[in-house]
Amino acid sequence: MELPEVETIVRTLAPRAVGRRIESVSVFRRDLLKLATPEAVRKAFAGSCIAGIRRRAKFILIDADGGFTLIVHLAMGGKLLSVPTGAPREEHTHLTLRLDGGCDVRMVDVRHFGKASLARTDEALTHPFFARIGVEYDDAEFTPDALHMLLAGHPKLAVKQFLLDQAGISGIGNIYASEVLYRAGISPAKPCASLTRPWAALLHGVIREVLSEAICNRGTSIRDYVDATGRGGGHQSALKVYGREGEPCPACGRPIVRIVQGQRSTFFCPRCQR
DNA sequence: TAGAGCCTGCGG
DNA sequence: CCGCAGGCTCTA
C-alpha cells in the first residue's frame, strides 16, 4: 500500500480510536517489533489514552498520552483495523490494542512484511525507521527545483526506480509511480538526468495531483487493501495504466505495455510516454 | 545500483 | 505447477 491508502487508514482509524483508553496490548508475533519488545510496548501503552494518529511517509504513528508512540508500517497487504473486541481474531493478527468503548485496533499482516516499533513521542520522527525517508509530496520544501535537484542526484537511475526510492520523495509505490509517469508523459526508463527543469516541474505537479486525487478517492483496492473500517478504496477505476497491460491507452488507443524494472512491474504507453 | 530474499495466498 | 502481488533490506 502506498501513501493514499495509509492516509485513508489514518483518517478512518482516528475517529474510532483517538480519545480511547488502551485497556491492554497483545503481541502475537514477537518479531513484528523492531528495536522494541512486547513488554516495552505494553508498559508504554497499557492504561494510556490514544492522543492522536498520524502519518509520515508510509508509516502510521499512534501517539499515546503517556508520551510514547507506536510506529507501524503495513508494507504490502498489511491491515490496521478497528474491530469489535468480541470479534474472532483473524489469522495473521500480530498485534491488538484493546480499547475501551468496545473496539480493538488490530494489525493483520498475512505476508509478515510489516513491522512496528516504539518511540518517545517527541522523538518519534527521528526513529531509525525514518533515517532514509525523504520529503512529503505536499511539503512546502517539495518544490519543482527540489525535485530537479533530487533527480540530478541519481543521474543514471530510471525515473520509475527513483519514484520508488523512499529516500527521495516518500510515499509513492508501484501503482502511483506508473500512474504519475503516464500522466506526465514520461517514459519510465528515462534516466533521471535526462529530465530538464521544465520536465521536473511538470512531474512535480503531477505527483501532487495524482496522490491528492487518490486520497480523495480513499485509495486503490485491487486485491486486499481496506481502510480501518474494512471498506475498500475507490481509486481503482481511475487508474489509467497500472494493471492494464494490453488494454488501450485512454489517450491514443495503443496497447498498454508491461515491463519489469527492479523486479517490479511497470505499466506505460510507449507512444504517449517519451 | 542490481539482485536475491523475506512470507503467504491467489489465479491461470 | 507457475507467476504474480499496494515494500523494503541486505548483499555483492
# chains A, B, ... in the order shown; residues from 1 in each chain; ligands from 1
$ residues_around --residues "DA5 (chain C)" --least-positions-apart "5" --cutoff "12 Å" --atoms "only C-alpha atoms (C1' of nucleotides)" --output "mmCIF file with C-alpha atoms (C1' of nucleotides), in the first residue's frame"
data_model
loop_
_atom_site.group_PDB
_atom_site.id
_atom_site.type_symbol
_atom_site.label_atom_id
_atom_site.label_comp_id
_atom_site.auth_asym_id
_atom_site.auth_seq_id
_atom_site.Cartn_x
_atom_site.Cartn_y
_atom_site.Cartn_z
ATOM 1 C CA MET A 1 0.000 0.000 0.000
ATOM 2 C CA ALA A 75 4.154 -2.880 3.759
ATOM 3 C CA MET A 76 2.271 -4.962 1.182
ATOM 4 C CA GLY A 77 -1.093 -6.229 2.239
ATOM 5 C CA ARG A 111 2.801 -11.759 4.426
ATOM 6 C CA ASN A 174 4.361 0.760 -7.561
ATOM 7 C CA ILE A 175 0.851 1.782 -8.595
ATOM 8 C CA ILE A 222 -7.080 -4.055 -6.404
ATOM 9 C CA ARG A 223 -6.633 -7.056 -4.241
ATOM 10 C CA ASP A 224 -6.648 -6.754 -0.432
ATOM 11 C CA TYR A 225 -6.479 -3.152 0.584
ATOM 12 C CA GLY A 243 -2.623 -3.431 -14.190
ATOM 13 C CA GLN A 263 11.743 -6.863 -10.230
ATOM 14 C CA ARG A 264 8.588 -4.734 -10.148
ATOM 15 C CA SER A 265 6.031 -4.390 -12.914
ATOM 16 C "C1'" DC B 7 6.331 -14.519 3.502
ATOM 17 C "C1'" DT B 8 1.547 -16.177 2.251
ATOM 18 C "C1'" DG B 9 -2.069 -16.686 -0.950
ATOM 19 C "C1'" DC B 10 -4.472 -16.233 -5.323
ATOM 20 C "C1'" DG B 11 -5.430 -17.091 -10.083
#
$ interface_residues --of "chain A" --to "chain B" --cutoff "9 Å" --atoms "only C-alpha atoms (C1' of nucleotides)" --output "NGL selection string"
:A and (110-113 or 157 or 262-263)
$ atom_distance --atom1 "C1' of DG3 (chain C)" --atom2 "CA of Ala214 (chain A)"
28.1 Å
$ closest_residue --among "A:Cys249, A:Val159, A:Leu195, A:Ala177" --to "chain C" --atoms "only C-alpha atoms (C1' of nucleotides)"
A:Ala177
$ interface_residues --of "chain C" --to "chain A" --cutoff "10 Å" --atoms "only C-alpha atoms (C1' of nucleotides)" --output "PDB file with all heavy atoms, in the first residue's frame"
ATOM      1  P    DC C   4       5.315 -12.796 -13.874  1.00  0.00           P
ATOM      2  OP1  DC C   4       5.237 -12.128 -15.183  1.00  0.00           O
ATOM      3  OP2  DC C   4       6.612 -12.937 -13.172  1.00  0.00           O
ATOM      4  O5'  DC C   4       4.342 -12.081 -12.853  1.00  0.00           O
ATOM      5  C5'  DC C   4       2.926 -12.100 -13.028  1.00  0.00           C
ATOM      6  C4'  DC C   4       2.301 -11.794 -11.693  1.00  0.00           C
ATOM      7  O4'  DC C   4       2.362 -12.969 -10.866  1.00  0.00           O
ATOM      8  C3'  DC C   4       3.063 -10.722 -10.927  1.00  0.00           C
ATOM      9  O3'  DC C   4       2.402  -9.474 -11.032  1.00  0.00           O
ATOM     10  C2'  DC C   4       3.084 -11.216  -9.490  1.00  0.00           C
ATOM     11  C1'  DC C   4       2.350 -12.534  -9.524  1.00  0.00           C
ATOM     12  N1   DC C   4       2.991 -13.563  -8.663  1.00  0.00           N
ATOM     13  C2   DC C   4       2.288 -14.025  -7.563  1.00  0.00           C
ATOM     14  O2   DC C   4       1.164 -13.572  -7.343  1.00  0.00           O
ATOM     15  N3   DC C   4       2.848 -14.958  -6.768  1.00  0.00           N
ATOM     16  C4   DC C   4       4.076 -15.415  -7.055  1.00  0.00           C
ATOM     17  N4   DC C   4       4.594 -16.339  -6.245  1.00  0.00           N
ATOM     18  C5   DC C   4       4.817 -14.943  -8.181  1.00  0.00           C
ATOM     19  C6   DC C   4       4.239 -14.026  -8.956  1.00  0.00           C
ATOM     20  P    DA C   5       3.114  -8.134 -10.519  1.00  0.00           P
ATOM     21  OP1  DA C   5       2.631  -7.003 -11.332  1.00  0.00           O
ATOM     22  OP2  DA C   5       4.563  -8.393 -10.365  1.00  0.00           O
ATOM     23  O5'  DA C   5       2.525  -8.009  -9.039  1.00  0.00           O
ATOM     24  C5'  DA C   5       1.130  -7.815  -8.857  1.00  0.00           C
ATOM     25  C4'  DA C   5       0.827  -7.837  -7.370  1.00  0.00           C
ATOM     26  O4'  DA C   5       0.837  -9.202  -6.917  1.00  0.00           O
ATOM     27  C3'  DA C   5       1.903  -7.152  -6.528  1.00  0.00           C
ATOM     28  O3'  DA C   5       1.614  -5.759  -6.434  1.00  0.00           O
ATOM     29  C2'  DA C   5       1.749  -7.847  -5.182  1.00  0.00           C
ATOM     30  C1'  DA C   5       1.216  -9.228  -5.553  1.00  0.00           C
ATOM     31  N9   DA C   5       2.228 -10.281  -5.409  1.00  0.00           N
ATOM     32  C8   DA C   5       3.357 -10.457  -6.169  1.00  0.00           C
ATOM     33  N7   DA C   5       4.084 -11.492  -5.816  1.00  0.00           N
ATOM     34  C5   DA C   5       3.383 -12.023  -4.743  1.00  0.00           C
ATOM     35  C6   DA C   5       3.633 -13.129  -3.898  1.00  0.00           C
ATOM     36  N6   DA C   5       4.689 -13.938  -4.017  1.00  0.00           N
ATOM     37  N1   DA C   5       2.732 -13.383  -2.916  1.00  0.00           N
ATOM     38  C2   DA C   5       1.671 -12.576  -2.791  1.00  0.00           C
ATOM     39  N3   DA C   5       1.336 -11.506  -3.522  1.00  0.00           N
ATOM     40  C4   DA C   5       2.239 -11.285  -4.484  1.00  0.00           C
ATOM     41  P    DG C   6       2.632  -4.655  -7.057  1.00  0.00           P
ATOM     42  OP1  DG C   6       2.178  -4.360  -8.432  1.00  0.00           O
ATOM     43  OP2  DG C   6       3.996  -5.074  -6.782  1.00  0.00           O
ATOM     44  O5'  DG C   6       2.371  -3.351  -6.239  1.00  0.00           O
ATOM     45  C5'  DG C   6       1.197  -3.069  -5.578  1.00  0.00           C
ATOM     46  C4'  DG C   6       1.435  -1.852  -4.685  1.00  0.00           C
ATOM     47  O4'  DG C   6       0.178  -1.320  -4.298  1.00  0.00           O
ATOM     48  C3'  DG C   6       2.150  -2.156  -3.372  1.00  0.00           C
ATOM     49  O3'  DG C   6       2.716  -0.948  -2.930  1.00  0.00           O
ATOM     50  C2'  DG C   6       1.005  -2.569  -2.482  1.00  0.00           C
ATOM     51  C1'  DG C   6      -0.025  -1.521  -2.896  1.00  0.00           C
ATOM     52  N9   DG C   6      -1.412  -1.903  -2.714  1.00  0.00           N
ATOM     53  C8   DG C   6      -2.361  -1.170  -2.075  1.00  0.00           C
ATOM     54  N7   DG C   6      -3.533  -1.720  -2.077  1.00  0.00           N
ATOM     55  C5   DG C   6      -3.345  -2.906  -2.764  1.00  0.00           C
ATOM     56  C6   DG C   6      -4.258  -3.947  -3.095  1.00  0.00           C
ATOM     57  O6   DG C   6      -5.454  -4.010  -2.838  1.00  0.00           O
ATOM     58  N1   DG C   6      -3.671  -4.976  -3.805  1.00  0.00           N
ATOM     59  C2   DG C   6      -2.353  -5.006  -4.152  1.00  0.00           C
ATOM     60  N2   DG C   6      -1.952  -6.097  -4.816  1.00  0.00           N
ATOM     61  N3   DG C   6      -1.486  -4.033  -3.847  1.00  0.00           N
ATOM     62  C4   DG C   6      -2.042  -3.033  -3.175  1.00  0.00           C
ATOM     63  P    DG C   7       4.282  -0.722  -2.807  1.00  0.00           P
ATOM     64  OP1  DG C   7       4.585   0.601  -2.283  1.00  0.00           O
ATOM     65  OP2  DG C   7       4.799  -1.146  -4.133  1.00  0.00           O
ATOM     66  O5'  DG C   7       4.746  -1.795  -1.734  1.00  0.00           O
ATOM     67  C5'  DG C   7       4.364  -1.643  -0.379  1.00  0.00           C
ATOM     68  C4'  DG C   7       5.586  -1.747   0.501  1.00  0.00           C
ATOM     69  O4'  DG C   7       6.149  -3.068   0.363  1.00  0.00           O
ATOM     70  C3'  DG C   7       6.692  -0.758   0.132  1.00  0.00           C
ATOM     71  O3'  DG C   7       7.076  -0.109   1.331  1.00  0.00           O
ATOM     72  C2'  DG C   7       7.803  -1.616  -0.452  1.00  0.00           C
ATOM     73  C1'  DG C   7       7.539  -2.981   0.173  1.00  0.00           C
ATOM     74  N9   DG C   7       7.910  -4.095  -0.682  1.00  0.00           N
ATOM     75  C8   DG C   7       7.708  -4.203  -2.043  1.00  0.00           C
ATOM     76  N7   DG C   7       8.147  -5.328  -2.529  1.00  0.00           N
ATOM     77  C5   DG C   7       8.666  -6.001  -1.421  1.00  0.00           C
ATOM     78  C6   DG C   7       9.268  -7.283  -1.330  1.00  0.00           C
ATOM     79  O6   DG C   7       9.478  -8.092  -2.239  1.00  0.00           O
ATOM     80  N1   DG C   7       9.655  -7.572  -0.022  1.00  0.00           N
ATOM     81  C2   DG C   7       9.469  -6.754   1.051  1.00  0.00           C
ATOM     82  N2   DG C   7       9.903  -7.209   2.212  1.00  0.00           N
ATOM     83  N3   DG C   7       8.907  -5.555   0.977  1.00  0.00           N
ATOM     84  C4   DG C   7       8.526  -5.248  -0.283  1.00  0.00           C
ATOM     85  P    DC C   8       8.215   1.000   1.363  1.00  0.00           P
ATOM     86  OP1  DC C   8       7.834   1.896   2.468  1.00  0.00           O
ATOM     87  OP2  DC C   8       8.408   1.500   0.007  1.00  0.00           O
ATOM     88  O5'  DC C   8       9.512   0.210   1.828  1.00  0.00           O
ATOM     89  C5'  DC C   8       9.463  -0.446   3.097  1.00  0.00           C
ATOM     90  C4'  DC C   8      10.521  -1.505   3.169  1.00  0.00           C
ATOM     91  O4'  DC C   8      10.440  -2.404   2.064  1.00  0.00           O
ATOM     92  C3'  DC C   8      11.950  -0.954   3.172  1.00  0.00           C
ATOM     93  O3'  DC C   8      12.478  -1.241   4.424  1.00  0.00           O
ATOM     94  C2'  DC C   8      12.648  -1.719   2.047  1.00  0.00           C
ATOM     95  C1'  DC C   8      11.732  -2.920   1.863  1.00  0.00           C
ATOM     96  N1   DC C   8      11.782  -3.509   0.511  1.00  0.00           N
ATOM     97  C2   DC C   8      12.242  -4.830   0.367  1.00  0.00           C
ATOM     98  O2   DC C   8      12.595  -5.449   1.364  1.00  0.00           O
ATOM     99  N3   DC C   8      12.280  -5.373  -0.855  1.00  0.00           N
ATOM    100  C4   DC C   8      11.877  -4.666  -1.923  1.00  0.00           C
ATOM    101  N4   DC C   8      11.923  -5.243  -3.118  1.00  0.00           N
ATOM    102  C5   DC C   8      11.401  -3.328  -1.801  1.00  0.00           C
ATOM    103  C6   DC C   8      11.366  -2.783  -0.569  1.00  0.00           C
TER     104       DC C   8
END
$ atom_distance --atom1 "CA of Arg106 (chain A)" --atom2 "CA of Ile215 (chain A)"
22.5 Å
$ select_by_dssp --residues "region 88-252 of chain A" --states "alpha helix (DSSP H)" --output "number ranges by chain"
A: 144-152, 159-164, 174-184, 197-216
$ residues_around --residues "region 237-239 of chain A" --least-positions-apart "3" --cutoff "7 Å" --atoms "only C-alpha atoms (C1' of nucleotides)" --output "ChimeraX atom specification"
/A:179,234,242
$ residues_around --residues "region 135-149 of chain A" --least-positions-apart "2" --cutoff "12 Å" --atoms "only C-alpha atoms (C1' of nucleotides)" --output "ChimeraX atom specification"
/A:3-4,55-59,130-133,151-155,159,162-163,165-172,192-212
$ select_by_dssp --residues "region 94-274 of chain A" --states "strand (DSSP E or B)" --output "number ranges by chain"
A: 94-99, 103-108, 115-120, 135, 158, 169, 191, 248, 255, 257-261, 264-268
$ write_last_selection --atoms "N, CA and C atoms" --output "compact mmCIF listing (two decimals), in the first residue's frame"
# COMPACT_ATOMS: atom_id res chain seq x y z
N HIS A 94 -1.25 -9.84 14.32
CA HIS A 94 0.04 -9.81 15.01
C HIS A 94 0.05 -8.92 16.24
N LEU A 95 -0.88 -7.98 16.29
CA LEU A 95 -0.89 -7.04 17.41
C LEU A 95 -2.31 -6.55 17.63
N THR A 96 -2.69 -6.47 18.89
CA THR A 96 -4.01 -5.94 19.22
C THR A 96 -3.89 -4.92 20.34
N LEU A 97 -4.54 -3.77 20.17
CA LEU A 97 -4.73 -2.82 21.26
C LEU A 97 -6.20 -2.92 21.64
N ARG A 98 -6.48 -3.39 22.84
CA ARG A 98 -7.88 -3.43 23.27
C ARG A 98 -8.25 -2.09 23.89
N LEU A 99 -9.22 -1.44 23.29
CA LEU A 99 -9.62 -0.10 23.75
C LEU A 99 -10.90 -0.18 24.55
N CYS A 103 -14.05 -1.55 21.08
CA CYS A 103 -13.34 -1.88 19.84
C CYS A 103 -11.86 -2.12 20.11
N ASP A 104 -11.27 -2.94 19.24
CA ASP A 104 -9.82 -3.16 19.24
C ASP A 104 -9.23 -2.46 18.02
N VAL A 105 -7.97 -2.13 18.14
CA VAL A 105 -7.16 -1.84 16.95
C VAL A 105 -6.32 -3.09 16.72
N ARG A 106 -6.45 -3.67 15.52
CA ARG A 106 -5.70 -4.91 15.24
C ARG A 106 -4.86 -4.74 13.99
N MET A 107 -3.62 -5.19 14.08
CA MET A 107 -2.78 -5.23 12.90
C MET A 107 -2.76 -6.65 12.38
N VAL A 108 -3.14 -6.80 11.12
CA VAL A 108 -3.20 -8.10 10.46
C VAL A 108 -2.27 -8.02 9.26
N LYS A 115 6.06 -4.11 9.92
CA LYS A 115 6.87 -4.01 11.13
C LYS A 115 6.34 -2.88 12.00
N ALA A 116 6.80 -2.89 13.24
CA ALA A 116 6.37 -1.85 14.17
C ALA A 116 7.48 -1.57 15.15
N SER A 117 7.44 -0.40 15.76
CA SER A 117 8.41 -0.08 16.79
C SER A 117 7.82 0.93 17.75
N LEU A 118 8.59 1.24 18.76
CA LEU A 118 8.14 2.14 19.81
C LEU A 118 9.13 3.30 19.92
N ALA A 119 8.61 4.49 20.15
CA ALA A 119 9.49 5.65 20.32
C ALA A 119 8.86 6.57 21.34
N ARG A 120 9.68 7.44 21.91
CA ARG A 120 9.11 8.55 22.66
C ARG A 120 8.44 9.47 21.65
N VAL A 135 11.20 13.60 1.45
CA VAL A 135 10.23 14.66 1.62
C VAL A 135 8.80 14.18 1.32
N ALA A 158 16.75 4.96 -13.63
CA ALA A 158 15.48 5.13 -14.33
C ALA A 158 14.50 5.88 -13.43
N ILE A 169 11.46 11.15 -2.67
CA ILE A 169 10.10 11.55 -2.28
C ILE A 169 9.51 10.34 -1.57
N PRO A 191 16.48 8.04 -17.87
CA PRO A 191 17.40 8.35 -16.77
C PRO A 191 17.03 9.69 -16.14
N PRO A 248 -6.31 -0.67 -24.22
CA PRO A 248 -5.96 0.51 -24.99
C PRO A 248 -5.62 1.71 -24.10
N PRO A 255 -1.98 -0.32 -27.27
CA PRO A 255 -1.99 -1.15 -26.05
C PRO A 255 -0.98 -0.68 -25.00
N VAL A 257 1.69 -1.34 -22.22
CA VAL A 257 2.76 -2.33 -22.16
C VAL A 257 3.19 -2.52 -20.71
N ARG A 258 3.53 -3.77 -20.39
CA ARG A 258 4.11 -4.05 -19.07
C ARG A 258 5.58 -4.41 -19.24
N ILE A 259 6.43 -3.78 -18.45
CA ILE A 259 7.83 -4.16 -18.39
C ILE A 259 8.19 -4.42 -16.94
N VAL A 260 9.39 -4.95 -16.71
CA VAL A 260 9.85 -5.18 -15.34
C VAL A 260 11.08 -4.33 -15.09
N GLN A 261 11.03 -3.58 -14.01
CA GLN A 261 12.17 -2.75 -13.59
C GLN A 261 12.44 -3.04 -12.12
N ARG A 264 9.96 -5.21 -10.34
CA ARG A 264 8.59 -4.73 -10.15
C ARG A 264 7.99 -4.43 -11.51
N SER A 265 6.72 -4.71 -11.67
CA SER A 265 6.03 -4.39 -12.91
C SER A 265 5.89 -2.88 -13.09
N THR A 266 6.08 -2.45 -14.32
CA THR A 266 5.79 -1.06 -14.69
C THR A 266 4.84 -1.11 -15.88
N PHE A 267 3.82 -0.26 -15.85
CA PHE A 267 2.86 -0.20 -16.96
C PHE A 267 2.95 1.18 -17.59
N PHE A 268 2.96 1.21 -18.92
CA PHE A 268 3.06 2.52 -19.58
C PHE A 268 2.62 2.43 -21.03
$ atom_distance --atom1 "CA of Ala51 (chain A)" --atom2 "CA of Glu91 (chain A)"
28.6 Å
$ decode --residues "chain B" --atoms "N, CA and C atoms (P, O5', C5', C4', C3', O3' and C1' of nucleotides)" --output "tab-separated table (two decimals), in the first residue's frame"
chain	number	residue	atom	x	y	z
B	1	DT	P	23.34	4.67	-9.08
B	1	DT	O5'	24.09	3.30	-9.48
B	1	DT	C5'	23.75	2.55	-10.64
B	1	DT	C4'	23.04	1.28	-10.22
B	1	DT	C3'	21.59	1.50	-9.75
B	1	DT	O3'	20.74	0.48	-10.24
B	1	DT	C1'	22.68	0.25	-8.18
B	2	DA	P	20.68	0.00	-11.72
B	2	DA	O5'	21.38	-1.44	-11.80
B	2	DA	C5'	20.67	-2.51	-12.24
B	2	DA	C4'	21.30	-3.77	-11.69
B	2	DA	C3'	20.26	-4.87	-11.54
B	2	DA	O3'	20.78	-6.05	-12.11
B	2	DA	C1'	21.37	-4.53	-9.47
B	3	DG	P	19.79	-7.15	-12.52
B	3	DG	O5'	19.74	-8.07	-11.22
B	3	DG	C5'	20.94	-8.69	-10.77
B	3	DG	C4'	20.65	-9.37	-9.45
B	3	DG	C3'	19.31	-10.09	-9.43
B	3	DG	O3'	19.58	-11.49	-9.33
B	3	DG	C1'	19.65	-8.78	-7.45
B	4	DA	P	18.45	-12.51	-9.08
B	4	DA	O5'	18.52	-12.76	-7.52
B	4	DA	C5'	19.77	-13.14	-6.93
B	4	DA	C4'	19.59	-13.34	-5.44
B	4	DA	C3'	18.45	-14.29	-5.05
B	4	DA	O3'	18.89	-15.05	-3.93
B	4	DA	C1'	18.05	-12.15	-4.12
B	5	DG	P	18.00	-16.22	-3.34
B	5	DG	O5'	17.26	-15.50	-2.14
B	5	DG	C5'	18.03	-14.83	-1.15
B	5	DG	C4'	17.10	-14.15	-0.17
B	5	DG	C3'	15.84	-14.96	0.17
B	5	DG	O3'	15.85	-15.25	1.56
B	5	DG	C1'	15.33	-12.67	-0.29
B	6	DC	P	14.93	-16.36	2.13
B	6	DC	O5'	13.84	-15.51	2.91
B	6	DC	C5'	14.25	-14.62	3.93
B	6	DC	C4'	13.16	-13.60	4.15
B	6	DC	C3'	11.78	-14.22	4.35
B	6	DC	O3'	11.50	-14.24	5.74
B	6	DC	C1'	11.75	-12.22	3.00
B	7	DC	P	11.03	-15.60	6.38
B	7	DC	O5'	9.48	-15.31	6.30
B	7	DC	C5'	8.69	-16.16	5.60
B	7	DC	C4'	7.37	-15.50	5.33
B	7	DC	C3'	6.36	-16.51	4.84
B	7	DC	O3'	5.59	-16.89	5.94
B	7	DC	C1'	6.33	-14.52	3.50
B	8	DT	P	4.74	-18.21	5.82
B	8	DT	O5'	3.43	-17.72	5.04
B	8	DT	C5'	2.60	-16.72	5.62
B	8	DT	C4'	1.56	-16.33	4.58
B	8	DT	C3'	0.74	-17.52	4.07
B	8	DT	O3'	-0.62	-17.25	4.38
B	8	DT	C1'	1.55	-16.18	2.25
B	9	DG	P	-1.74	-18.24	3.99
B	9	DG	O5'	-2.22	-17.70	2.57
B	9	DG	C5'	-2.64	-16.36	2.48
B	9	DG	C4'	-3.04	-16.05	1.06
B	9	DG	C3'	-3.92	-17.12	0.41
B	9	DG	O3'	-4.92	-16.45	-0.31
B	9	DG	C1'	-2.07	-16.69	-0.95
B	10	DC	P	-6.25	-17.19	-0.67
B	10	DC	O5'	-6.50	-16.62	-2.14
B	10	DC	C5'	-6.19	-15.25	-2.41
B	10	DC	C4'	-5.89	-15.10	-3.87
B	10	DC	C3'	-6.78	-15.96	-4.76
B	10	DC	O3'	-7.41	-15.11	-5.69
B	10	DC	C1'	-4.47	-16.23	-5.32
B	11	DG	P	-8.61	-15.68	-6.55
B	11	DG	O5'	-8.00	-15.68	-8.02
B	11	DG	C5'	-7.19	-14.61	-8.47
B	11	DG	C4'	-6.50	-15.04	-9.75
B	11	DG	C3'	-7.38	-15.91	-10.65
B	11	DG	O3'	-7.07	-15.59	-11.99
B	11	DG	C1'	-5.43	-17.09	-10.08
B	12	DG	P	-7.90	-16.20	-13.16
B	12	DG	O5'	-6.78	-16.83	-14.09
B	12	DG	C5'	-5.67	-16.04	-14.49
B	12	DG	C4'	-4.64	-16.93	-15.16
B	12	DG	C3'	-5.24	-17.89	-16.20
B	12	DG	O3'	-4.38	-17.96	-17.32
B	12	DG	C1'	-4.09	-19.12	-14.54
